[in-house]
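**Q** Take this structure first; my questions come after.
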Amino acid sequence: MSLYTKLVSKLFFPLHEKLKHHDTVAIRKSLEQSQWQSPAELKADRDKRFQQFIADIVKNVPYYAELFKQHSLTPADFNRAEDLPKLPFLDKATITDNFDKLKSETAGPLSRFNTGGSSGKPLVFLLGNERVSHDVAEKWRATRWWDVDIGDKEIVAWGSPIELGAQDKVRLIRDKLFRSELIPAFDMTEEKILGFIHKIKQVRPAMLFGYPSVFDLLAKTAAQRNIKMDDLGIKVAFVTSERLYPYQRENIEKVFGCPVANGYGGRDAGFIAHQCPSGGMHLSYEDIIVEIVDTKGDLVPNGQSGEIVVTHLGTSEFPFVRYKTGDIAVMSDEQCACGRGLPMLESIEGRSTDFVVAADGTILHGLSLIYILRDMQSVEAFKIIQESKQQTRVQVVAKSGEVSAEMTELIVQGFKARLGDQVDVIVESVAEIAAEKSGKYRYVISKVDIS
């Protein structure tokens with residue numbers, strides 16, 4: 001670790017978190033000790049925290065006070081995580097319908113957040129200092145597994161307008177101090193791709209962070225142009241927010257000359273799992289209880305696939321209890337060779353957002369189209385199918401039951417602005433969006449080859 005990185009990780013970042021009233025540093029230190037406990041010790045400690053969490057939300061959160069009363073339950077009925085099935089699932093519709101009641105009466109300052117909308121149904125929810133502190137600490141712990149730390153040079157490839165719009169002067173100064181540089185991976189023209197490659201070569205970062213599809217595309221372009229990228233000293237490429245495919249991992253590792261560390265989670269559910277250098281996809285076990293359930297809502301045994309349901313113990317101010325993520329995964333029975341007692345996911349089978357290709361050949365991240373629909377209040381759900389560079393179909397579930405001429409015009413105009421005026425945009429009004437055979441929903445499917 002360089003002297004500068006030590007200053008950032010041990011002084012500047014802790015001061016930054018303290019000024020924001022976050023307990024990140026203390027939590028991270030605790031997590032780095034607990035990760036070496038045995039599974040039995042980890043479970044015993046988490047069950048104690050679970051009991052306190054349940055007691056707090058029943059006492060202070062109107063929604064759960066009413067829910068427990070309706071089901072004739074008390075906090076005494078919840079002594080361990082295995083008692084969670086006594087409660088119903090929480091989904092986006094329930095959160096939306098009970099938004100005010102889900103806020104704790106003792107909550108401190110809360111900030112509004114929303115999901116990226118890749119599911120077609122963006123969720124608005126609240127986060128407090130407790131939740132943010134635990135999430136940042138979990139990510140920080142996983143970062144340090146790879147012999148890198150806050151303060152090491154980092155390139156972040158991100159595409160969300162939420163993050164990109166927040167690049168005000170204060171944040172720019174902070175990122176410069178922490179040596180973290182953002183490249184906006186929203187519309188990927190050939191010129192921008194080559195510019196990003198040049199930026200990475202110029203910065204020579206210790207780590208990369210962002211979408212696997214973006215780094216796969218950068219790697220593919222660098223290889224095609226015979227641009228050498230494996231001599232920059234990059235230690236690890238952290239990828240998240242999309243499903244990581246084996247071919248992407250192989251391509252990124254080969255071109256950038258570094259291992260790929262997969263991360264799984266979301267704004268709503270938190271940082272659920274991170275990959276360690278030994279290959280284990282470790283759960284954020286101390287903070288998040290993960291259940292894997294079948295289509296009937298029953299728990300499935302380890303080794304079988306099902307939907308991920310999470311209970312985040314750092315959300316007492318706006319609780320996420322038995323929250324259905326819509327993602328499919330398999331829980332592992334194995335213990336990781338790294339020696340950590342943290343349980344693991346065997347595989348993650350959900351989450352995928354494709355690139356689309358504009359008529360002029362510009363490669364766009366699927367989110368560039370998702371955000372057009374996500375911001376329309378009249379849209380309940382959607383699916384985008386790019387049949388060719390000349391034609392894209394959009395299936396829309398309207399809240400009113402039928403897609404209006406005004407909605408159609410807004411969608412067509414928005415898509416043409418991204419894909420090209422000559423593109424035929426077909427808007428189809430449908431009653432529902434069908435799931436894939438795997439049980440996972442895919443909301444952007446491009447049939448255009450970007451290789």
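In the structure tokens, each chain is lettered A, B, ... as it comes, each chain's residues begin at 1, and ligands are numbered from 1 in order of appearance.
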Which of region 54-168 of chain A end up as strand (DSSP E) when DSSP is run on this backbone - answer as a PyMOL selection string?
**A** chain A and resi 110-114+124-128+154-158
**Q** Show which residues sit within 9 Å of Val61 (chain A), as an MDAnalysis selection string. Count only C-alpha atoms, and ignore same-chain residues fewer than 6 positions away.
**A** chainID A and resid 101:106 316:319
**Q** Given only C-alpha atoms as the basis, pick out the residue of A:Val124, A:Asp449, A:Leu84, A:Lys399 nearest to Ile363 (chain A).
**A**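 Among the listed residues, the smallest separation from Ile363 (chain A) belongs to A:Asp449.
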**Q** Let me make sure I understand: among A:Leu283, A:Val396, A:Met331, A:Val255, which one has the smallest atom-to-atom distance to Ala434 (chain A) if we use only C-alpha atoms?
**A**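 Residue with the minimum atom-to-atom distance to Ala434 (chain A): A:Val396.
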**Q** I want to know what sits within 8 Å of region 11-25 of chain A, based on only C-alpha atoms, with residues of the same chain fewer than 4 positions away left out; could you give that as an NGL selection string?
**A** :A and (6-7 or 29 or 129-130 or 132-134 or 136-137 or 150 or 178)
**Q** Smallest atom-to-atom distance to Val239 (chain A): which of A:Pro184, A:Gly339, A:Pro85, A:Gly210, using only C-alpha atoms?
**A**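 Looking at the shortest contact to Val239 (chain A), the residue is A:Gly210.
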**Q** Residues at most 9 Å from Lys220 (chain A), counting only C-alpha atoms, excluding those fewer than 5 positions away in the same chain, as a PyMOL selection string?
**A** chain A and resi 215+225+251-252+255+451
**Q** Based on the selection just made, write N, CA, C and O atoms of those residues as a PDB file, in the first residue's frame.
**A**
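This is the output file result-v1.pdb:
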```
ATOM      1  N   PHE A 215     -16.728  -3.368 -19.763  1.00  0.00           N
ATOM      2  CA  PHE A 215     -15.321  -3.764 -19.777  1.00  0.00           C
ATOM      3  C   PHE A 215     -15.063  -4.862 -20.814  1.00  0.00           C
ATOM      4  O   PHE A 215     -13.982  -4.942 -21.390  1.00  0.00           O
ATOM      5  N   ARG A 225      -7.879  -3.781 -32.006  1.00  0.00           N
ATOM      6  CA  ARG A 225      -6.968  -2.711 -32.425  1.00  0.00           C
ATOM      7  C   ARG A 225      -5.515  -2.992 -32.025  1.00  0.00           C
ATOM      8  O   ARG A 225      -4.654  -2.133 -32.207  1.00  0.00           O
ATOM      9  N   ASN A 251     -12.617 -12.834 -21.390  1.00  0.00           N
ATOM     10  CA  ASN A 251     -12.117 -11.764 -22.263  1.00  0.00           C
ATOM     11  C   ASN A 251     -11.492 -10.623 -21.457  1.00  0.00           C
ATOM     12  O   ASN A 251     -10.405 -10.134 -21.788  1.00  0.00           O
ATOM     13  N   ILE A 252     -12.158 -10.201 -20.386  1.00  0.00           N
ATOM     14  CA  ILE A 252     -11.643  -9.105 -19.555  1.00  0.00           C
ATOM     15  C   ILE A 252     -10.317  -9.503 -18.910  1.00  0.00           C
ATOM     16  O   ILE A 252      -9.353  -8.729 -18.895  1.00  0.00           O
ATOM     17  N   VAL A 255      -7.419  -9.660 -21.647  1.00  0.00           N
ATOM     18  CA  VAL A 255      -6.974  -8.389 -22.222  1.00  0.00           C
ATOM     19  C   VAL A 255      -6.368  -7.469 -21.172  1.00  0.00           C
ATOM     20  O   VAL A 255      -5.323  -6.839 -21.402  1.00  0.00           O
ATOM     21  N   SER A 451     -20.224  -7.625 -32.250  1.00  0.00           N
ATOM     22  CA  SER A 451     -18.811  -8.012 -32.367  1.00  0.00           C
ATOM     23  C   SER A 451     -18.192  -7.448 -33.646  1.00  0.00           C
ATOM     24  O   SER A 451     -18.882  -7.068 -34.576  1.00  0.00           O
TER      25      SER A 451
END
```
**Q** Taking only C-alpha atoms into account, which of A:Leu67, A:Ile308, A:Met281, A:Met376 comes nearest Glu346 (chain A)?
**A**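 Nearest candidate to Glu346 (chain A) out of A:Leu67, A:Ile308, A:Met281, A:Met376: A:Met281.
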**Q** Would you please work out which residue, of A:Gln224, A:Arg204, A:Leu419, A:Thr240, is nearest to Trp158 (chain A) when using only C-alpha atoms?
**A**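 Smallest separation from Trp158 (chain A) among the options: A:Thr240.
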**Q** Between A:Gly270, A:Gly257, A:Pro246, A:Gly303, which is the closest to Ala219 (chain A) once you count only C-alpha atoms?
**A**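 Using only C-alpha atoms, Ala219 (chain A) sits closest to A:Gly257.
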**Q** How close does each residue of region 291-351 of chain A get to region 260-269 of chain A, giving the shortest atom pair and distance in Å to one decimal for every residue with an atom at most 9 Å away, counting only C-alpha atoms, sorted by chain and residue number, as CSV?
**A**
```
residue,atom,partner,partner_atom,distance
A:Val309,CA,A:Ala269,CA,8.9
A:Val310,CA,A:Ala269,CA,6.7
A:Thr311,CA,A:Ala269,CA,8.1
A:His312,CA,A:Ala269,CA,7.2
A:Phe320,CA,A:Ala269,CA,7.5
A:Tyr323,CA,A:Ala269,CA,7.5
A:Lys324,CA,A:Ala269,CA,8.9
A:Thr325,CA,A:Ala269,CA,7.1
A:Ile348,CA,A:Tyr264,CA,8.3
```
**Q** Deliver the residues from the most recent selection as a file, using N, CA and C atoms, as a PDB file, in the first residue's frame.
**A**
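Written out: out36.pdb:
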```
ATOM      1  N   VAL A 309     -34.611 -13.904  -1.928  1.00  0.00           N
ATOM      2  CA  VAL A 309     -35.405 -13.064  -1.029  1.00  0.00           C
ATOM      3  C   VAL A 309     -34.460 -12.580   0.065  1.00  0.00           C
ATOM      4  N   VAL A 310     -34.438 -11.272   0.319  1.00  0.00           N
ATOM      5  CA  VAL A 310     -33.486 -10.748   1.291  1.00  0.00           C
ATOM      6  C   VAL A 310     -34.176 -10.010   2.433  1.00  0.00           C
ATOM      7  N   THR A 311     -33.561 -10.125   3.601  1.00  0.00           N
ATOM      8  CA  THR A 311     -33.918  -9.332   4.767  1.00  0.00           C
ATOM      9  C   THR A 311     -32.653  -8.602   5.191  1.00  0.00           C
ATOM     10  N   HIS A 312     -32.663  -7.285   5.076  1.00  0.00           N
ATOM     11  CA  HIS A 312     -31.475  -6.486   5.367  1.00  0.00           C
ATOM     12  C   HIS A 312     -31.568  -5.957   6.794  1.00  0.00           C
ATOM     13  N   PHE A 320     -36.475  -3.553   4.904  1.00  0.00           N
ATOM     14  CA  PHE A 320     -36.612  -4.510   3.811  1.00  0.00           C
ATOM     15  C   PHE A 320     -36.609  -5.894   4.451  1.00  0.00           C
ATOM     16  N   TYR A 323     -37.775  -9.323   1.187  1.00  0.00           N
ATOM     17  CA  TYR A 323     -37.961  -8.580  -0.051  1.00  0.00           C
ATOM     18  C   TYR A 323     -37.619  -9.454  -1.256  1.00  0.00           C
ATOM     19  N   LYS A 324     -38.570  -9.585  -2.175  1.00  0.00           N
ATOM     20  CA  LYS A 324     -38.384 -10.417  -3.364  1.00  0.00           C
ATOM     21  C   LYS A 324     -37.617  -9.632  -4.419  1.00  0.00           C
ATOM     22  N   THR A 325     -36.429 -10.113  -4.750  1.00  0.00           N
ATOM     23  CA  THR A 325     -35.570  -9.396  -5.694  1.00  0.00           C
ATOM     24  C   THR A 325     -35.929  -9.660  -7.150  1.00  0.00           C
ATOM     25  N   ILE A 348     -25.385 -17.327  -9.759  1.00  0.00           N
ATOM     26  CA  ILE A 348     -26.403 -16.282  -9.910  1.00  0.00           C
ATOM     27  C   ILE A 348     -26.891 -16.364 -11.344  1.00  0.00           C
TER      28      ILE A 348
END
```
**Q** For Ala44 (chain A), please output as a ChimeraX atom specification all residues within 12 Å (counting only C-alpha atoms; exclusion window: fewer than 4 positions along the same chain).
**A** /A:34,37-40,48-51,79-81,285-286
**Q** Write to file, as a PDB file, in the first residue's frame, the residues of the selection just made, with C-alpha atoms.
**A**
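File again-v3.pdb, as written:
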```pdb
ATOM      1  CA  SER A  34     -16.323 -11.702  11.979  1.00  0.00           C
ATOM      2  CA  GLN A  37     -15.640 -16.945  12.518  1.00  0.00           C
ATOM      3  CA  SER A  38     -17.063 -20.392  11.976  1.00  0.00           C
ATOM      4  CA  PRO A  39     -20.497 -20.641  10.282  1.00  0.00           C
ATOM      5  CA  ALA A  40     -22.032 -21.569  13.649  1.00  0.00           C
ATOM      6  CA  LYS A  48     -29.053 -12.038  18.154  1.00  0.00           C
ATOM      7  CA  ARG A  49     -28.983  -9.051  15.830  1.00  0.00           C
ATOM      8  CA  PHE A  50     -32.052 -10.385  14.017  1.00  0.00           C
ATOM      9  CA  GLN A  51     -34.022 -10.522  17.280  1.00  0.00           C
ATOM     10  CA  ASN A  79     -35.609 -15.853  17.586  1.00  0.00           C
ATOM     11  CA  ARG A  80     -33.674 -16.913  14.484  1.00  0.00           C
ATOM     12  CA  ALA A  81     -33.622 -16.335  10.748  1.00  0.00           C
ATOM     13  CA  TYR A 285     -23.944 -12.666   5.866  1.00  0.00           C
ATOM     14  CA  GLU A 286     -23.703 -10.450   8.930  1.00  0.00           C
TER      15      GLU A 286
END
```
**Q** Just asking: which residues within region 251-308 of chain A are alpha helix (DSSP H) according to DSSP, as a short mmCIF file (atom, residue, chain, number, x, y, z; two decimals) with N, CA, C and O atoms, in the first residue's frame?
**A**
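So out38.cif came out as:
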```cif
data_model
loop_
_atom_site.label_atom_id
_atom_site.label_comp_id
_atom_site.auth_asym_id
_atom_site.auth_seq_id
_atom_site.Cartn_x
_atom_site.Cartn_y
_atom_site.Cartn_z
N ASN A 251 -12.62 -12.83 -21.39
CA ASN A 251 -12.12 -11.76 -22.26
C ASN A 251 -11.49 -10.62 -21.46
O ASN A 251 -10.41 -10.13 -21.79
N ILE A 252 -12.16 -10.20 -20.39
CA ILE A 252 -11.64 -9.11 -19.55
C ILE A 252 -10.32 -9.50 -18.91
O ILE A 252 -9.35 -8.73 -18.89
N GLU A 253 -10.27 -10.72 -18.36
CA GLU A 253 -9.05 -11.17 -17.69
C GLU A 253 -7.88 -11.28 -18.67
O GLU A 253 -6.74 -10.91 -18.34
N LYS A 254 -8.17 -11.76 -19.87
CA LYS A 254 -7.11 -11.94 -20.86
C LYS A 254 -6.55 -10.60 -21.32
O LYS A 254 -5.32 -10.40 -21.38
N VAL A 255 -7.42 -9.66 -21.65
CA VAL A 255 -6.97 -8.39 -22.22
C VAL A 255 -6.37 -7.47 -21.17
O VAL A 255 -5.32 -6.84 -21.40
N PHE A 256 -7.01 -7.36 -20.00
CA PHE A 256 -6.53 -6.44 -18.96
C PHE A 256 -5.48 -7.08 -18.04
O PHE A 256 -4.86 -6.39 -17.23
#
```
**Q** Enter the distance from CA of Ile234 (chain A) to CA of Ala206 (chain A), in Å, rounded to one decimal.
**A** 4.5 Å
**Q** Measure the distance from CA of Ala405 (chain A) to CA of Asp421 (chain A) in Å and round it to one decimal.
**A**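 About the pair CA of Ala405 (chain A) and CA of Asp421 (chain A): they are 18.6 Å apart.
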**Q** Rounded to one decimal in Å, what is the spacing between CA of Ile426 (chain A) and CA of Arg393 (chain A)?
**A**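 Computed distance, CA of Ile426 (chain A) to CA of Arg393 (chain A), equals 4.7 Å.
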